[in-house]
>>> print(open('start32.cif').read())   # mmCIF, C-alpha atoms
data_work
loop_
_atom_site.label_atom_id
_atom_site.label_comp_id
_atom_site.auth_asym_id
_atom_site.auth_seq_id
_atom_site.Cartn_x
_atom_site.Cartn_y
_atom_site.Cartn_z
CA MET Q 1 0.00 0.00 0.00
CA SER Q 2 1.35 3.43 -0.95
CA ILE Q 3 2.02 6.01 1.74
CA ALA Q 4 -0.78 8.20 0.37
CA ALA Q 5 -3.26 5.32 0.71
CA GLN Q 6 -2.08 4.56 4.27
CA LEU Q 7 -2.48 8.19 5.32
CA GLN Q 8 -5.91 8.39 3.68
CA ARG Q 9 -7.04 5.27 5.56
CA ILE Q 10 -5.75 6.63 8.91
CA SER Q 11 -7.46 10.00 8.36
CA GLN Q 12 -10.84 8.20 8.29
CA ILE Q 13 -10.35 6.66 11.75
CA SER Q 14 -12.83 8.31 14.13
CA ASP Q 15 -11.19 7.47 17.46
CA LYS Q 16 -8.61 10.12 18.38
CA ASP Q 17 -6.19 7.87 20.29
CA GLU Q 18 -6.36 5.15 17.67
CA LYS Q 19 -5.64 7.67 14.93
CA ILE Q 20 -2.61 9.07 16.80
CA GLU Q 21 -1.20 5.57 17.36
CA ALA Q 22 -1.68 4.72 13.68
CA TYR Q 23 0.30 7.80 12.58
CA LYS Q 24 3.03 6.97 15.11
CA LYS Q 25 3.34 3.42 13.71
CA VAL Q 26 3.75 4.82 10.18
CA LEU Q 27 6.47 7.18 11.39
CA LEU Q 28 8.32 4.39 13.22
CA SER Q 29 8.19 2.17 10.13
CA LEU Q 30 9.53 4.92 7.88
CA PHE Q 31 12.35 5.76 10.32
CA GLU Q 32 13.37 2.11 10.40
CA LYS Q 33 13.52 2.11 6.58
CA GLU Q 34 15.21 5.55 6.59
CA ASP Q 35 12.64 6.60 4.00
CA ALA Q 36 13.12 10.38 3.98
CA THR Q 37 10.77 11.03 1.06
CA ASN Q 38 7.74 9.34 2.62
CA LEU Q 39 8.59 10.76 6.05
CA LYS Q 40 8.32 14.26 4.60
CA GLU Q 41 5.03 13.36 2.92
CA THR Q 42 3.67 12.00 6.19
CA ILE Q 43 4.73 15.09 8.13
CA LYS Q 44 3.09 17.39 5.60
CA HIS Q 45 -0.12 15.39 5.90
CA VAL Q 46 -0.06 15.30 9.72
CA ILE Q 47 0.50 19.05 10.05
CA GLY Q 48 -2.66 19.56 7.98
CA THR Q 49 -4.79 17.62 10.50
CA SER Q 50 -6.26 18.84 13.78
CA THR Q 51 -3.71 20.07 16.33
CA ILE Q 52 -5.15 17.55 18.83
CA ILE Q 53 -3.77 14.87 16.50
CA SER Q 54 -0.72 16.59 15.03
CA ARG Q 55 0.93 17.78 18.27
CA PRO Q 56 1.48 14.33 19.85
CA VAL Q 57 2.49 12.91 16.44
CA LEU Q 58 5.07 15.66 15.95
CA LYS Q 59 6.38 15.02 19.45
CA GLU Q 60 6.87 11.39 18.40
CA LEU Q 61 8.65 12.67 15.29
CA ALA Q 62 11.02 14.79 17.42
CA ASP Q 63 11.81 11.78 19.65
CA ASN Q 64 12.51 9.55 16.63
CA LEU Q 65 14.71 12.18 15.00
CA LYS Q 66 17.07 12.00 17.98
CA LYS Q 67 17.65 8.31 17.24
CA ALA Q 68 18.01 8.75 13.46
CA SER Q 69 21.24 8.94 11.48
CA PRO Q 70 22.69 12.49 11.22
CA ALA Q 71 21.94 12.72 7.49
CA LEU Q 72 18.31 11.62 7.89
CA HIS Q 73 17.90 13.82 10.97
CA LYS Q 74 19.10 16.96 9.14
CA ASP Q 75 17.07 16.24 6.00
CA VAL Q 76 13.74 15.52 7.72
CA ALA Q 77 14.13 18.14 10.47
CA THR Q 78 14.94 20.91 7.98
CA THR Q 79 11.88 20.10 5.85
CA THR Q 80 9.65 19.83 8.93
CA LEU Q 81 10.76 23.25 10.17
CA GLU Q 82 10.18 24.81 6.75
CA ILE Q 83 6.59 23.50 6.74
CA LEU Q 84 5.90 24.48 10.37
CA ASN Q 85 7.22 28.02 9.84
CA GLN Q 86 4.76 28.60 6.99
CA GLY Q 87 1.85 29.77 9.14
CA HIS Q 88 2.01 27.11 11.88
CA ALA Q 89 4.64 28.61 14.22
CA VAL Q 90 2.19 29.59 16.99
CA GLN Q 91 0.36 26.23 17.16
CA PHE Q 92 3.56 24.17 17.15
CA GLU Q 93 5.98 26.39 19.10
CA GLU Q 94 7.01 23.59 21.48
CA GLN Q 95 7.69 21.16 18.63
CA ILE Q 96 9.62 23.80 16.65
CA SER Q 97 11.78 24.52 19.71
CA ASP Q 98 12.57 20.84 20.32
CA ILE Q 99 13.35 20.11 16.67
CA ASN Q 100 15.58 23.20 16.34
CA TYR Q 101 17.49 22.34 19.52
CA ASN Q 102 18.18 18.72 18.49
CA LEU Q 103 19.01 19.73 14.90
CA ALA Q 104 21.57 22.22 16.21
CA LYS Q 105 23.30 19.46 18.22
CA VAL Q 106 23.64 17.35 15.05
CA ILE Q 107 25.07 20.32 13.12
CA ILE Q 108 27.54 21.01 15.97
CA ASN Q 109 28.86 17.47 15.58
CA ASP Q 110 29.66 18.39 11.96
CA ASN Q 111 31.64 21.42 13.26
CA ASP Q 112 29.31 23.74 11.36
CA PHE Q 113 29.15 26.17 14.27
CA LEU Q 114 27.67 29.20 12.49
CA ASN Q 115 24.71 27.26 11.09
CA ALA Q 116 24.16 25.61 14.47
CA ALA Q 117 24.04 29.06 16.10
CA LYS Q 118 21.47 30.25 13.53
CA VAL Q 119 19.28 27.18 14.15
CA LEU Q 120 19.34 27.80 17.92
CA GLN Q 121 18.41 31.45 17.36
CA ALA Q 122 15.23 30.27 15.65
CA ILE Q 123 13.94 29.07 19.03
CA PRO Q 124 11.51 31.86 20.09
CA LEU Q 125 12.77 32.27 23.66
CA GLU Q 126 11.61 35.90 23.90
CA THR Q 127 9.00 36.30 21.15
CA GLY Q 128 7.01 33.07 21.53
CA GLN Q 129 3.81 32.32 23.43
CA ARG Q 130 5.46 29.85 25.83
CA ASN Q 131 7.01 30.89 29.13
CA TYR Q 132 10.46 29.29 28.94
CA PRO Q 133 12.29 28.46 32.19
CA VAL Q 134 15.17 30.82 33.02
CA GLU Q 135 17.68 27.96 32.99
CA LYS Q 136 16.66 26.92 29.46
CA LYS Q 137 17.03 30.49 28.18
CA VAL Q 138 20.50 30.88 29.70
CA LYS Q 139 21.57 27.42 28.47
CA ILE Q 140 20.62 28.18 24.85
CA TRP Q 141 22.03 31.73 24.86
CA VAL Q 142 25.33 30.47 26.28
CA MET Q 143 25.41 27.72 23.63
CA ILE Q 144 24.91 30.30 20.88
CA ALA Q 145 27.67 32.49 22.35
CA GLN Q 146 30.06 29.53 22.52
CA LEU Q 147 29.34 28.63 18.89
CA TYR Q 148 30.07 32.18 17.72
CA LEU Q 149 33.28 32.21 19.76
CA GLU Q 150 34.40 29.01 18.02
CA GLU Q 151 34.27 31.05 14.80
CA GLU Q 152 35.84 34.10 16.51
CA LYS Q 153 32.66 36.15 16.05
CA ALA Q 154 33.07 38.15 19.26
CA LEU Q 155 30.40 40.80 18.55
CA GLU Q 156 27.70 38.22 17.88
CA ALA Q 157 28.76 36.21 20.94
CA GLU Q 158 28.65 39.29 23.17
CA ARG Q 159 25.00 39.91 22.24
CA PHE Q 160 23.94 36.54 23.68
CA ILE Q 161 26.27 36.76 26.69
CA ASN Q 162 24.59 40.06 27.52
CA LYS Q 163 21.15 38.42 27.21
CA ALA Q 164 22.16 35.70 29.67
CA ALA Q 165 23.99 37.96 32.14
CA PRO Q 166 20.95 39.42 34.03
CA LEU Q 167 19.53 35.92 34.59
CA THR Q 168 22.64 34.18 35.94
CA GLY Q 169 21.77 35.18 39.51
CA GLN Q 170 18.74 32.87 39.29
CA ILE Q 171 20.76 29.86 38.11
CA LYS Q 172 21.58 27.09 40.60
CA ASN Q 173 23.19 24.74 38.07
CA GLU Q 174 26.95 25.11 38.69
CA LYS Q 175 27.93 23.52 35.35
CA LEU Q 176 25.80 26.02 33.45
CA LEU Q 177 27.26 28.91 35.45
CA LEU Q 178 30.78 27.73 34.61
CA LYS Q 179 29.86 27.57 30.92
CA TYR Q 180 28.57 31.15 31.14
CA LYS Q 181 31.75 32.32 32.91
CA SER Q 182 33.88 30.53 30.30
CA ALA Q 183 32.00 32.20 27.43
CA PHE Q 184 32.21 35.57 29.19
CA VAL Q 185 35.99 35.44 29.68
CA ARG Q 186 36.63 34.11 26.18
CA ASN Q 187 34.67 37.05 24.81
CA GLN Q 188 36.83 39.46 26.84
CA ASP Q 189 39.85 37.71 25.33
CA PHE Q 190 38.53 38.01 21.76
CA ASN Q 191 37.78 41.70 22.34
CA ARG Q 192 41.43 42.14 23.42
CA LYS Q 193 40.50 43.20 26.95
CA PHE Q 194 43.57 41.29 28.09
CA ILE Q 195 43.85 42.73 31.62
CA GLU Q 196 40.21 41.88 32.42
CA ALA Q 197 40.38 38.52 30.62
CA SER Q 198 43.53 37.47 32.47
CA LEU Q 199 41.91 38.18 35.84
CA SER Q 200 38.70 36.37 34.80
CA TYR Q 201 40.65 33.34 33.57
CA TYR Q 202 42.41 33.10 36.93
CA ARG Q 203 39.09 33.23 38.80
CA LEU Q 204 37.72 30.59 36.44
CA SER Q 205 40.75 28.36 37.10
CA GLN Q 206 39.83 28.39 40.80
CA SER Q 207 36.25 27.29 40.05
CA VAL Q 208 36.54 24.48 37.49
CA PRO Q 209 36.46 20.95 38.95
CA ARG Q 210 38.91 19.14 36.67
CA ILE Q 211 42.69 19.64 36.70
CA ASP Q 212 42.92 19.77 32.88
CA GLU Q 213 40.31 22.54 32.81
CA ARG Q 214 42.24 24.43 35.47
CA MET Q 215 45.49 24.13 33.51
CA GLN Q 216 43.76 25.31 30.32
CA ALA Q 217 42.31 28.35 32.14
CA LEU Q 218 45.73 29.18 33.61
CA GLU Q 219 47.43 28.89 30.19
CA SER Q 220 44.82 31.18 28.65
CA GLY Q 221 45.20 33.64 31.51
CA VAL Q 222 48.98 33.77 31.21
CA ARG Q 223 48.68 34.42 27.46
CA CYS Q 224 46.38 37.38 28.17
CA ALA Q 225 48.67 38.69 30.93
CA VAL Q 226 51.67 38.59 28.58
CA LEU Q 227 49.72 40.36 25.82
CA ALA Q 228 48.38 43.05 28.17
CA PRO Q 229 49.96 46.51 28.15
CA ALA Q 230 53.04 46.67 30.40
CA GLY Q 231 52.50 48.46 33.68
CA PRO Q 232 51.47 48.01 37.34
CA GLN Q 233 48.23 46.15 36.54
CA ARG Q 234 50.00 43.59 34.40
CA SER Q 235 52.75 43.23 37.01
CA ARG Q 236 50.13 42.28 39.61
CA LEU Q 237 48.61 39.73 37.25
CA LEU Q 238 52.01 38.19 36.46
CA ALA Q 239 52.73 37.93 40.19
CA MET Q 240 49.40 36.21 40.79
CA TYR Q 241 50.05 33.59 38.09
CA TYR Q 242 53.72 33.14 38.99
CA LYS Q 243 52.84 32.36 42.62
CA ASP Q 244 50.21 29.77 41.66
CA ASP Q 245 51.34 26.25 42.60
CA LYS Q 246 50.57 24.97 39.08
CA ALA Q 247 52.63 27.66 37.33
CA PRO Q 248 55.81 25.57 36.80
CA GLN Q 249 53.74 23.00 34.88
CA LEU Q 250 52.53 25.56 32.33
CA GLU Q 251 53.83 25.53 28.77
CA SER Q 252 54.28 29.30 28.97
CA TYR Q 253 56.15 29.21 32.31
CA THR Q 254 59.50 30.41 30.88
CA VAL Q 255 57.95 33.59 29.47
CA LEU Q 256 55.84 34.07 32.63
CA GLU Q 257 58.92 33.78 34.86
CA LYS Q 258 61.02 36.20 32.80
CA MET Q 259 58.24 38.76 32.62
CA PHE Q 260 57.53 38.50 36.36
CA LEU Q 261 61.23 38.82 37.22
CA GLU Q 262 61.49 41.69 34.70
CA ARG Q 263 64.17 40.05 32.60
CA ILE Q 264 64.65 40.78 28.92
CA LEU Q 265 63.08 38.13 26.64
CA LYS Q 266 65.11 36.46 23.90
CA LYS Q 267 63.89 36.26 20.32
CA GLU Q 268 63.61 32.44 20.32
CA GLU Q 269 61.51 32.55 23.52
CA ILE Q 270 59.16 35.06 21.90
CA THR Q 271 58.84 32.90 18.77
CA ALA Q 272 58.05 29.77 20.79
CA PHE Q 273 55.40 31.64 22.79
CA SER Q 274 53.83 33.16 19.64
CA ASN Q 275 53.15 29.62 18.37
CA THR Q 276 50.74 29.08 21.28
CA LEU Q 277 48.63 32.17 20.48
CA LEU Q 278 45.13 32.06 19.02
CA GLU Q 279 44.40 33.74 15.70
CA HIS Q 280 42.86 36.92 17.15
CA GLN Q 281 45.89 37.29 19.45
CA LYS Q 282 48.17 37.54 16.41
CA ALA Q 283 46.50 40.69 15.10
CA ILE Q 284 48.57 43.63 13.81
CA VAL Q 285 48.25 46.82 15.86
CA ALA Q 286 49.16 50.44 15.09
CA GLY Q 287 52.78 50.68 14.02
CA GLY Q 288 52.72 47.42 12.07
CA LYS Q 289 53.65 45.21 15.03
CA THR Q 290 51.70 42.22 16.37
CA ILE Q 291 50.07 42.44 19.82
CA LEU Q 292 52.82 40.18 21.19
CA GLU Q 293 55.64 42.21 19.61
CA GLN Q 294 54.17 45.39 21.09
CA ALA Q 295 53.79 43.77 24.53
CA VAL Q 296 57.35 42.40 24.46
CA MET Q 297 58.80 45.79 23.45
CA GLU Q 298 57.05 47.44 26.37
CA HIS Q 299 58.18 44.66 28.72
CA ASN Q 300 61.79 44.91 27.56
CA LEU Q 301 61.67 48.66 28.08
CA LEU Q 302 60.47 48.13 31.67
CA ALA Q 303 63.17 45.47 32.15
CA ALA Q 304 65.79 47.95 30.89
CA SER Q 305 64.59 50.50 33.46
CA LYS Q 306 65.65 48.09 36.21
CA VAL Q 307 69.18 47.83 34.80
CA TYR Q 308 69.94 51.34 33.47
CA ASN Q 309 69.74 54.75 35.06
CA ASN Q 310 69.53 56.26 31.57
CA ILE Q 311 69.87 55.10 27.99
CA THR Q 312 70.21 56.75 24.59
CA PHE Q 313 67.43 56.21 22.10
CA ASP Q 314 69.90 54.61 19.70
CA GLU Q 315 70.80 52.00 22.33
CA LEU Q 316 67.14 51.56 23.30
CA ALA Q 317 66.19 51.13 19.64
CA ASN Q 318 68.78 48.38 19.31
CA LEU Q 319 67.44 46.68 22.44
CA LEU Q 320 63.81 46.85 21.28
CA ASP Q 321 64.61 46.13 17.61
CA VAL Q 322 62.90 49.33 16.39
CA THR Q 323 63.99 52.73 15.07
CA PRO Q 324 65.18 55.43 17.55
CA ASP Q 325 62.05 57.51 16.78
CA MET Q 326 59.79 54.53 17.52
CA ALA Q 327 61.70 53.81 20.74
CA GLU Q 328 61.10 57.41 21.86
CA LYS Q 329 57.38 57.17 21.02
CA ILE Q 330 56.98 53.94 23.01
CA ALA Q 331 58.77 55.43 26.03
CA SER Q 332 56.81 58.67 25.80
CA LYS Q 333 53.47 56.83 25.62
CA MET Q 334 54.28 54.63 28.61
CA ILE Q 335 55.42 57.59 30.70
CA SER Q 336 52.26 59.58 29.85
CA GLU Q 337 50.08 56.58 30.85
CA ASP Q 338 51.98 56.17 34.17
CA ARG Q 339 53.22 52.75 33.11
CA LEU Q 340 56.86 53.84 33.19
CA VAL Q 341 58.51 56.22 35.67
CA GLY Q 342 61.04 58.39 33.88
CA SER Q 343 61.71 61.48 31.77
CA ILE Q 344 62.97 62.27 28.29
CA ASN Q 345 65.69 64.74 27.34
CA GLN Q 346 65.08 65.32 23.64
CA THR Q 347 68.14 67.57 23.27
CA SER Q 348 70.58 64.87 24.36
CA LYS Q 349 68.27 62.08 23.08
CA LEU Q 350 68.33 60.35 26.46
CA LEU Q 351 65.71 58.47 28.43
CA TYR Q 352 66.16 58.79 32.21
CA PHE Q 353 64.65 56.11 34.46
CA LYS Q 354 63.43 56.89 37.95
CA LYS Q 355 63.68 53.90 40.28
CA PRO Q 356 60.54 53.08 42.28
CA GLY Q 357 60.90 54.50 45.74
CA SER Q 358 63.64 56.95 44.76
CA SER Q 359 62.76 60.52 45.67
CA SER Q 360 64.28 63.80 46.63
CA SER Q 361 65.94 64.12 50.03
CA LEU Q 362 63.12 66.39 51.23
CA ASN Q 363 60.40 63.91 50.22
CA GLU Q 364 62.35 61.08 51.81
CA TRP Q 365 62.67 63.07 55.05
CA ASP Q 366 58.91 63.77 55.00
CA GLN Q 367 58.21 60.06 54.68
CA HIS Q 368 60.46 59.29 57.69
CA ILE Q 369 58.66 61.90 59.80
CA GLU Q 370 55.24 60.54 58.73
CA HIS Q 371 56.29 57.01 59.64
CA ALA Q 372 57.61 58.12 63.06
CA CYS Q 373 54.40 60.01 63.87
CA SER Q 374 52.31 57.02 62.82
CA SER Q 375 54.37 54.73 65.08
CA VAL Q 376 53.99 57.09 68.09
CA ASN Q 377 50.21 57.25 67.57
CA SER Q 378 50.04 53.47 67.39
CA ILE Q 379 51.99 53.11 70.67
CA LEU Q 380 49.76 55.66 72.42
CA GLU Q 381 46.61 53.82 71.27
CA LYS Q 382 47.95 50.53 72.68
CA ILE Q 383 48.88 52.14 76.02
CA THR Q 384 45.45 53.83 76.29
CA LYS Q 385 43.70 50.55 75.51
CA LYS Q 386 45.66 48.65 78.20
CA TYR Q 387 45.70 51.45 80.78
CA PRO Q 388 42.46 53.50 80.34
CA ASN Q 389 43.39 55.84 83.23
CA PHE Q 390 46.73 56.75 81.65
CA THR Q 391 46.99 60.45 80.69
#
>>> encode(input="start32.cif", output="structure tokens")
Amino acid sequence: MSIAAQLQRISQISDKDEKIEAYKKVLLSLFEKEDATNLKETIKHVIGTSTIISRPVLKELADNLKKASPALHKDVATTTLEILNQGHAVQFEEQISDINYNLAKVIINDNDFLNAAKVLQAIPLETGQRNYPVEKKVKIWVMIAQLYLEEEKALEAERFINKAAPLTGQIKNEKLLLKYKSAFVRNQDFNRKFIEASLSYYRLSQSVPRIDERMQALESGVRCAVLAPAGPQRSRLLAMYYKDDKAPQLESYTVLEKMFLERILKKEEITAFSNTLLEHQKAIVAGGKTILEQAVMEHNLLAASKVYNNITFDELANLLDVTPDMAEKIASKMISEDRLVGSINQTSKLLYFKKPGSSSSLNEWDQHIEHACSSVNSILEKITKKYPNFT
């Protein structure tokens, strides 16, 4: 009997439950045969029946799709969604949501992340008639963000991270919260907010349950710390990572150690570290240098400030592997941003470094007096506390 004849016969059954079971049996038979053509014909027919009949049958379809081969799943699910979205979206919102979600998981397995993200976006979490649980909304938005991040689409990812953010306070599922935090910090990384990303990666490393996840978060955090602009903030981050008990096990430990100890990095060490960077971390910045090259130049300049009292721009240029004019610009920018303590004498083409803590004799004397006064006050407070009647 042809599929058309079978469907015609079932449509004449008067009992609702019997009719639903008959449609389900046809679906099961066609799935077993992997008969995509007749499955599509059956779905088209079922959608045209009463919603009392079609809803449970489509739920059966969604359940069977999960067990089908990826090729059959994609073919039948895509056609089903096309039919349902032609004037049936309101009646079958639940079925559309389930089919989209499971189709996206199949597409993810094919590493087609952009299409998977688009399929998930078709789930009407905000515009539909259903009231979706908060956890489901956050789960899907975080999934979409993660998929965009896999393709380095940071702007698109940020949109869905921002949707999820206000709802995270209502989430009790720790795994889902970790996924959100992971997507959030990766987006900071992709947007080159390396200071913020490095700090977030470290916090994430203290939250993840598995040691391999912790090591991955630490590696990512060190990369961001190295790429961050040289200065006090980065120094604090480097110290935090360097003092972590897992630091010596990191692939990037050599660079981390040298940067923390403010030693000049060698060219081969920089090359080895650059091979661990992600694509967006290799971007060219103003001046024609990569982010890493810029960060290393600034680091080497800070390292030089610990060794020299002053240096000519010709010597500095040789140290940083740039022109004397570029060396002066880098030093000037860092001084103006309070990331380097020093001064420039353009007449003699010299850069003077001021050591932290070094000050004029008068300022130093003031600090001694302040410390002495503070110590006296502290002693008096202790005496008064122990002997209340003391005057």
>>> atom_distance(input="start32.cif", atom1="CA of Val106 in chain Q", atom2="CA of Ala183 in chain Q")
21.1 Å
>>> atom_distance(input="start32.cif", atom1="CA of Ser54 in chain Q", atom2="CA of Ala116 in chain Q")
26.5 Å
>>> residues_around(input="start32.cif", residues="Ile108 in chain Q", least_positions_apart="3", cutoff="12 Å", atoms="all atoms listed in the file", output="NGL selection string")
:Q and (70 or 74 or 101-105 or 111-120 or 143-144 or 146-148 or 150)
>>> atom_distance(input="start32.cif", atom1="CA of Arg192 in chain Q", atom2="CA of Ile264 in chain Q")
23.9 Å
>>> resolve_selection(input="start32.cif", expression="the PyMOL selection byres ((chain Q and resi 324) around 12)", output="number ranges by chain")
Q: 311-323, 325-331, 346, 349-351
>>> residues_near_point(input="start32.cif", point="(56.4, 36.2, 21.6)", cutoff="10 Å", atoms="only C-alpha atoms", output="VMD selection string")
chain Q and resid 223 226 to 227 255 265 to 277 282 290 to 296
>>> resolve_selection(input="start32.cif", expression="the PyMOL selection byres ((chain Q and resi 340) around 9)", output="PDB file with C-alpha atoms, keeping the file's coordinate frame")
ATOM      1  CA  ALA Q 230      53.040  46.670  30.400  1.00  0.00           C
ATOM      2  CA  GLY Q 231      52.500  48.460  33.680  1.00  0.00           C
ATOM      3  CA  PRO Q 232      51.470  48.010  37.340  1.00  0.00           C
ATOM      4  CA  LEU Q 301      61.670  48.660  28.080  1.00  0.00           C
ATOM      5  CA  LEU Q 302      60.470  48.130  31.670  1.00  0.00           C
ATOM      6  CA  SER Q 305      64.590  50.500  33.460  1.00  0.00           C
ATOM      7  CA  ALA Q 331      58.770  55.430  26.030  1.00  0.00           C
ATOM      8  CA  SER Q 332      56.810  58.670  25.800  1.00  0.00           C
ATOM      9  CA  LYS Q 333      53.470  56.830  25.620  1.00  0.00           C
ATOM     10  CA  MET Q 334      54.280  54.630  28.610  1.00  0.00           C
ATOM     11  CA  ILE Q 335      55.420  57.590  30.700  1.00  0.00           C
ATOM     12  CA  SER Q 336      52.260  59.580  29.850  1.00  0.00           C
ATOM     13  CA  GLU Q 337      50.080  56.580  30.850  1.00  0.00           C
ATOM     14  CA  ASP Q 338      51.980  56.170  34.170  1.00  0.00           C
ATOM     15  CA  ARG Q 339      53.220  52.750  33.110  1.00  0.00           C
ATOM     16  CA  VAL Q 341      58.510  56.220  35.670  1.00  0.00           C
ATOM     17  CA  GLY Q 342      61.040  58.390  33.880  1.00  0.00           C
ATOM     18  CA  PHE Q 353      64.650  56.110  34.460  1.00  0.00           C
ATOM     19  CA  LYS Q 354      63.430  56.890  37.950  1.00  0.00           C
TER      20      LYS Q 354
END
>>> axis_aligned_box(input="start32.cif", around="range 296-302 of chain Q", padding_each_side="3 Å", output="lines of an AutoDock Vina configuration file")
center_x = 59.4
center_y = 45.5
center_z = 27.6
size_x = 10.7
size_y = 12.3
size_z = 14.2
>>> resolve_selection(input="start32.cif", expression="the PyMOL selection byres ((chain Q and resi 60) around 12)", output="number ranges by chain")
Q: 20-28, 31, 43, 46, 53-59, 61-67, 95, 98-99
>>> write_last_selection(input="start32.cif", atoms="C-alpha atoms", output="PDB file, keeping the file's coordinate frame")
ATOM      1  CA  ILE Q  20      -2.610   9.070  16.800  1.00  0.00           C
ATOM      2  CA  GLU Q  21      -1.200   5.570  17.360  1.00  0.00           C
ATOM      3  CA  ALA Q  22      -1.680   4.720  13.680  1.00  0.00           C
ATOM      4  CA  TYR Q  23       0.300   7.800  12.580  1.00  0.00           C
ATOM      5  CA  LYS Q  24       3.030   6.970  15.110  1.00  0.00           C
ATOM      6  CA  LYS Q  25       3.340   3.420  13.710  1.00  0.00           C
ATOM      7  CA  VAL Q  26       3.750   4.820  10.180  1.00  0.00           C
ATOM      8  CA  LEU Q  27       6.470   7.180  11.390  1.00  0.00           C
ATOM      9  CA  LEU Q  28       8.320   4.390  13.220  1.00  0.00           C
ATOM     10  CA  PHE Q  31      12.350   5.760  10.320  1.00  0.00           C
ATOM     11  CA  ILE Q  43       4.730  15.090   8.130  1.00  0.00           C
ATOM     12  CA  VAL Q  46      -0.060  15.300   9.720  1.00  0.00           C
ATOM     13  CA  ILE Q  53      -3.770  14.870  16.500  1.00  0.00           C
ATOM     14  CA  SER Q  54      -0.720  16.590  15.030  1.00  0.00           C
ATOM     15  CA  ARG Q  55       0.930  17.780  18.270  1.00  0.00           C
ATOM     16  CA  PRO Q  56       1.480  14.330  19.850  1.00  0.00           C
ATOM     17  CA  VAL Q  57       2.490  12.910  16.440  1.00  0.00           C
ATOM     18  CA  LEU Q  58       5.070  15.660  15.950  1.00  0.00           C
ATOM     19  CA  LYS Q  59       6.380  15.020  19.450  1.00  0.00           C
ATOM     20  CA  LEU Q  61       8.650  12.670  15.290  1.00  0.00           C
ATOM     21  CA  ALA Q  62      11.020  14.790  17.420  1.00  0.00           C
ATOM     22  CA  ASP Q  63      11.810  11.780  19.650  1.00  0.00           C
ATOM     23  CA  ASN Q  64      12.510   9.550  16.630  1.00  0.00           C
ATOM     24  CA  LEU Q  65      14.710  12.180  15.000  1.00  0.00           C
ATOM     25  CA  LYS Q  66      17.070  12.000  17.980  1.00  0.00           C
ATOM     26  CA  LYS Q  67      17.650   8.310  17.240  1.00  0.00           C
ATOM     27  CA  GLN Q  95       7.690  21.160  18.630  1.00  0.00           C
ATOM     28  CA  ASP Q  98      12.570  20.840  20.320  1.00  0.00           C
ATOM     29  CA  ILE Q  99      13.350  20.110  16.670  1.00  0.00           C
TER      30      ILE Q  99
END
>>> residues_around(input="start32.cif", residues="Glu152 in chain Q", least_positions_apart="6", cutoff="10 Å", atoms="all atoms listed in the file", output="PyMOL selection string")
chain Q and resi 146+186-187+190-191+278-280
>>> closest_residue(input="start32.cif", among="Q:Ile369, Q:Val376, Q:Val307, Q:Ile52", to="Glu262 in chain Q", atoms="only C-alpha atoms")
Q:Val307
>>> residues_around(input="start32.cif", residues="Ala89 in chain Q", least_positions_apart="4", cutoff="12 Å", atoms="only C-alpha atoms", output="PyMOL selection string")
chain Q and resi 47+80-85+93-97+122-124+127-130
>>> decode(input="start32.cif", residues="range 278-288 of chain Q", atoms="N, CA and C atoms", output="compact mmCIF listing (two decimals), in the first residue's frame")
# COMPACT_ATOMS: atom_id res chain seq x y z
N LEU Q 278 46.29 32.24 19.88
CA LEU Q 278 45.13 32.06 19.02
C LEU Q 278 45.17 33.10 17.90
N GLU Q 279 44.34 32.89 16.89
CA GLU Q 279 44.40 33.74 15.70
C GLU Q 279 44.17 35.21 16.02
N HIS Q 280 43.17 35.51 16.86
CA HIS Q 280 42.86 36.92 17.15
C HIS Q 280 43.97 37.57 17.97
N GLN Q 281 44.79 36.75 18.64
CA GLN Q 281 45.89 37.29 19.45
C GLN Q 281 47.12 37.61 18.60
N LYS Q 282 47.05 37.27 17.32
CA LYS Q 282 48.17 37.54 16.41
C LYS Q 282 47.92 38.78 15.55
N ALA Q 283 46.88 39.53 15.90
CA ALA Q 283 46.50 40.69 15.10
C ALA Q 283 47.60 41.76 15.06
N ILE Q 284 47.61 42.52 13.98
CA ILE Q 284 48.57 43.63 13.81
C ILE Q 284 47.96 44.89 14.43
N VAL Q 285 48.73 45.58 15.24
CA VAL Q 285 48.25 46.82 15.86
C VAL Q 285 48.91 48.02 15.18
N ALA Q 286 48.58 49.22 15.66
CA ALA Q 286 49.16 50.44 15.09
C ALA Q 286 50.68 50.37 15.18
N GLY Q 287 51.32 50.74 14.07
CA GLY Q 287 52.78 50.68 14.02
C GLY Q 287 53.29 49.45 13.29
N GLY Q 288 52.34 48.59 12.86
CA GLY Q 288 52.72 47.42 12.07
C GLY Q 288 53.26 46.25 12.85
